[in-house]
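Worksheet for the structure shown next.
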Amino acid sequence: MDKQIEALSEWLKGKSGQTLHIEKKENEDTDIVRFELEEIGERPQDNPVDDYLERALLLRGSGSIVNGEGESVPLPGDTYEIGINELAIGSQSGDRLELTNDRATYALSVEAPQS
């Protein structure tokens with residue numbers, strides 16, 4: 001496994017059971033997701049012609065996304081994908097990680113528990 005992918009996978013495994021704040025910037029669009037991470041897996045690239053089936057880390061759990069009106073709506077499924085083609089990890093600290101792939105940039109951070 002590539003060192004960047006292994007580092008991301010290990011960082012995510014260490015955050016299992018916590019809520020992640022994921023900010024994804026792709027083209028001129030920014031998505032903000034809150035995701036309660038239960039476990040992670042990996043999908044191999046089965047069909048190199050179909051971009052939607054690229055190799056990816058699969059975050060399993062539940063979450064919501066902030067829509068264009070600023071409302072939080074549930075994600076359509078129990079999986080959030082991060083493509084790992086051309087993955088590069090930028091800055092990293094205990095509870096924050098920045099990365100890029102061939103499509104987008106991501107900032108992942110652990111949300112403080114609600115009291």
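Convention: chains lettered A, B, ... in structure tokens order; per-chain residue numbering from 1; ligands numbered from 1 as shown.
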Leaving out Leu75 of chain A and any residue of its chain fewer than 5 positions from it, which residues lie within 10 Å of it when counting only C-alpha atoms, given as a PDB file with N, CA and C atoms, in the first residue's frame?
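Contents of result_4.pdb, freshly written:
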ATOM      1  N   VAL A  33     -19.317  18.428   5.355  1.00  0.00           N
ATOM      2  CA  VAL A  33     -19.966  17.196   5.822  1.00  0.00           C
ATOM      3  C   VAL A  33     -19.587  16.948   7.276  1.00  0.00           C
ATOM      4  N   ARG A  34     -20.576  16.566   8.085  1.00  0.00           N
ATOM      5  CA  ARG A  34     -20.335  16.032   9.432  1.00  0.00           C
ATOM      6  C   ARG A  34     -20.565  14.535   9.315  1.00  0.00           C
ATOM      7  N   PHE A  35     -19.572  13.745   9.742  1.00  0.00           N
ATOM      8  CA  PHE A  35     -19.661  12.301   9.533  1.00  0.00           C
ATOM      9  C   PHE A  35     -19.242  11.569  10.794  1.00  0.00           C
ATOM     10  N   SER A  62     -22.532   7.450   9.520  1.00  0.00           N
ATOM     11  CA  SER A  62     -23.677   8.269   9.127  1.00  0.00           C
ATOM     12  C   SER A  62     -23.260   9.729   9.177  1.00  0.00           C
ATOM     13  N   GLY A  63     -23.964  10.531   8.398  1.00  0.00           N
ATOM     14  CA  GLY A  63     -23.575  11.924   8.379  1.00  0.00           C
ATOM     15  C   GLY A  63     -24.578  12.799   7.697  1.00  0.00           C
ATOM     16  N   SER A  64     -24.215  14.080   7.615  1.00  0.00           N
ATOM     17  CA  SER A  64     -25.063  15.066   6.963  1.00  0.00           C
ATOM     18  C   SER A  64     -24.181  16.032   6.191  1.00  0.00           C
ATOM     19  N   ILE A  65     -24.793  16.691   5.217  1.00  0.00           N
ATOM     20  CA  ILE A  65     -24.088  17.657   4.387  1.00  0.00           C
ATOM     21  C   ILE A  65     -24.860  18.974   4.448  1.00  0.00           C
ATOM     22  N   VAL A  66     -24.137  20.083   4.431  1.00  0.00           N
ATOM     23  CA  VAL A  66     -24.780  21.392   4.397  1.00  0.00           C
ATOM     24  C   VAL A  66     -25.100  21.710   2.946  1.00  0.00           C
ATOM     25  N   TYR A  80     -19.066   7.421   2.924  1.00  0.00           N
ATOM     26  CA  TYR A  80     -18.479   8.619   2.325  1.00  0.00           C
ATOM     27  C   TYR A  80     -17.168   8.175   1.690  1.00  0.00           C
TER      28      TYR A  80
END
>> According to DSSP computed on the backbone, where in chain A is there helix (DSSP H, G or I)? Give the residues as a VMD selection string.
In response: chain A and resid 3 to 13 51 to 53
Once you have the residues from the selection above, write them out as a short mmCIF file (atom, residue, chain, number, x, y, z; two decimals), in the first residue's frame, restricted to N, CA, C and O atoms.
data_model
loop_
_atom_site.label_atom_id
_atom_site.label_comp_id
_atom_site.auth_asym_id
_atom_site.auth_seq_id
_atom_site.Cartn_x
_atom_site.Cartn_y
_atom_site.Cartn_z
N LYS A 3 2.50 4.75 0.82
CA LYS A 3 2.70 5.35 2.14
C LYS A 3 1.67 6.43 2.46
O LYS A 3 1.23 6.55 3.60
N GLN A 4 1.26 7.24 1.47
CA GLN A 4 0.26 8.27 1.70
C GLN A 4 -1.10 7.64 2.05
O GLN A 4 -1.78 8.09 2.98
N ILE A 5 -1.47 6.60 1.32
CA ILE A 5 -2.74 5.92 1.57
C ILE A 5 -2.71 5.25 2.94
O ILE A 5 -3.66 5.32 3.71
N GLU A 6 -1.59 4.62 3.25
CA GLU A 6 -1.44 3.96 4.55
C GLU A 6 -1.53 4.97 5.69
O GLU A 6 -2.19 4.73 6.70
N ALA A 7 -0.89 6.14 5.53
CA ALA A 7 -0.93 7.17 6.56
C ALA A 7 -2.36 7.69 6.76
O ALA A 7 -2.81 7.86 7.89
N LEU A 8 -3.08 7.92 5.66
CA LEU A 8 -4.47 8.39 5.77
C LEU A 8 -5.34 7.32 6.42
O LEU A 8 -6.14 7.62 7.31
N SER A 9 -5.18 6.09 6.00
CA SER A 9 -5.95 4.99 6.56
C SER A 9 -5.73 4.87 8.07
O SER A 9 -6.68 4.72 8.85
N GLU A 10 -4.48 4.93 8.50
CA GLU A 10 -4.16 4.84 9.93
C GLU A 10 -4.74 6.02 10.71
O GLU A 10 -5.26 5.85 11.80
N TRP A 11 -4.64 7.23 10.14
CA TRP A 11 -5.19 8.41 10.81
C TRP A 11 -6.69 8.24 10.99
O TRP A 11 -7.22 8.48 12.07
N LEU A 12 -7.38 7.79 9.93
CA LEU A 12 -8.82 7.59 10.01
C LEU A 12 -9.20 6.49 11.00
O LEU A 12 -10.16 6.64 11.75
N LYS A 13 -8.46 5.39 11.00
CA LYS A 13 -8.75 4.32 11.95
C LYS A 13 -8.67 4.82 13.39
O LYS A 13 -9.45 4.42 14.24
N ASP A 51 -14.74 6.70 -14.09
CA ASP A 51 -14.19 7.51 -13.00
C ASP A 51 -14.93 7.33 -11.68
O ASP A 51 -14.38 7.55 -10.62
N TYR A 52 -16.22 6.97 -11.72
CA TYR A 52 -16.98 6.83 -10.49
C TYR A 52 -16.64 5.56 -9.72
O TYR A 52 -17.04 5.39 -8.59
N LEU A 53 -15.89 4.69 -10.34
CA LEU A 53 -15.48 3.47 -9.64
C LEU A 53 -13.98 3.46 -9.39
O LEU A 53 -13.36 2.42 -9.35
#
> Counting only C-alpha atoms, what is within 10 Å of Gln92 of chain A, bar same-chain residues fewer than 2 positions away, as a VMD selection string?
Replying inline: chain A and resid 8 11 89 to 90 94 to 99 107 to 109
> Can you tell me how far atom CA of Glu39 of chain A sits from atom CA of Arg60 of chain A, in Å to one decimal?
Replying inline: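 Atom-to-atom, atom CA of Glu39 of chain A to atom CA of Arg60 of chain A, that is 5.3 Å.
When atom CA of Leu58 of chain A is paired with atom CA of Asp29 of chain A, their separation reads 21.4 Å.
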> Could you pull out all residues of chain A with a DSSP call of strand (DSSP E or B) and give them as number ranges by chain?
Replying inline: A: 19-26, 29-43, 56-66, 72-74, 79-83, 88-93, 96-100, 105-110
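Note that atom CA of Gly61 of chain A and atom CA of Pro74 of chain A are 11.6 Å apart.
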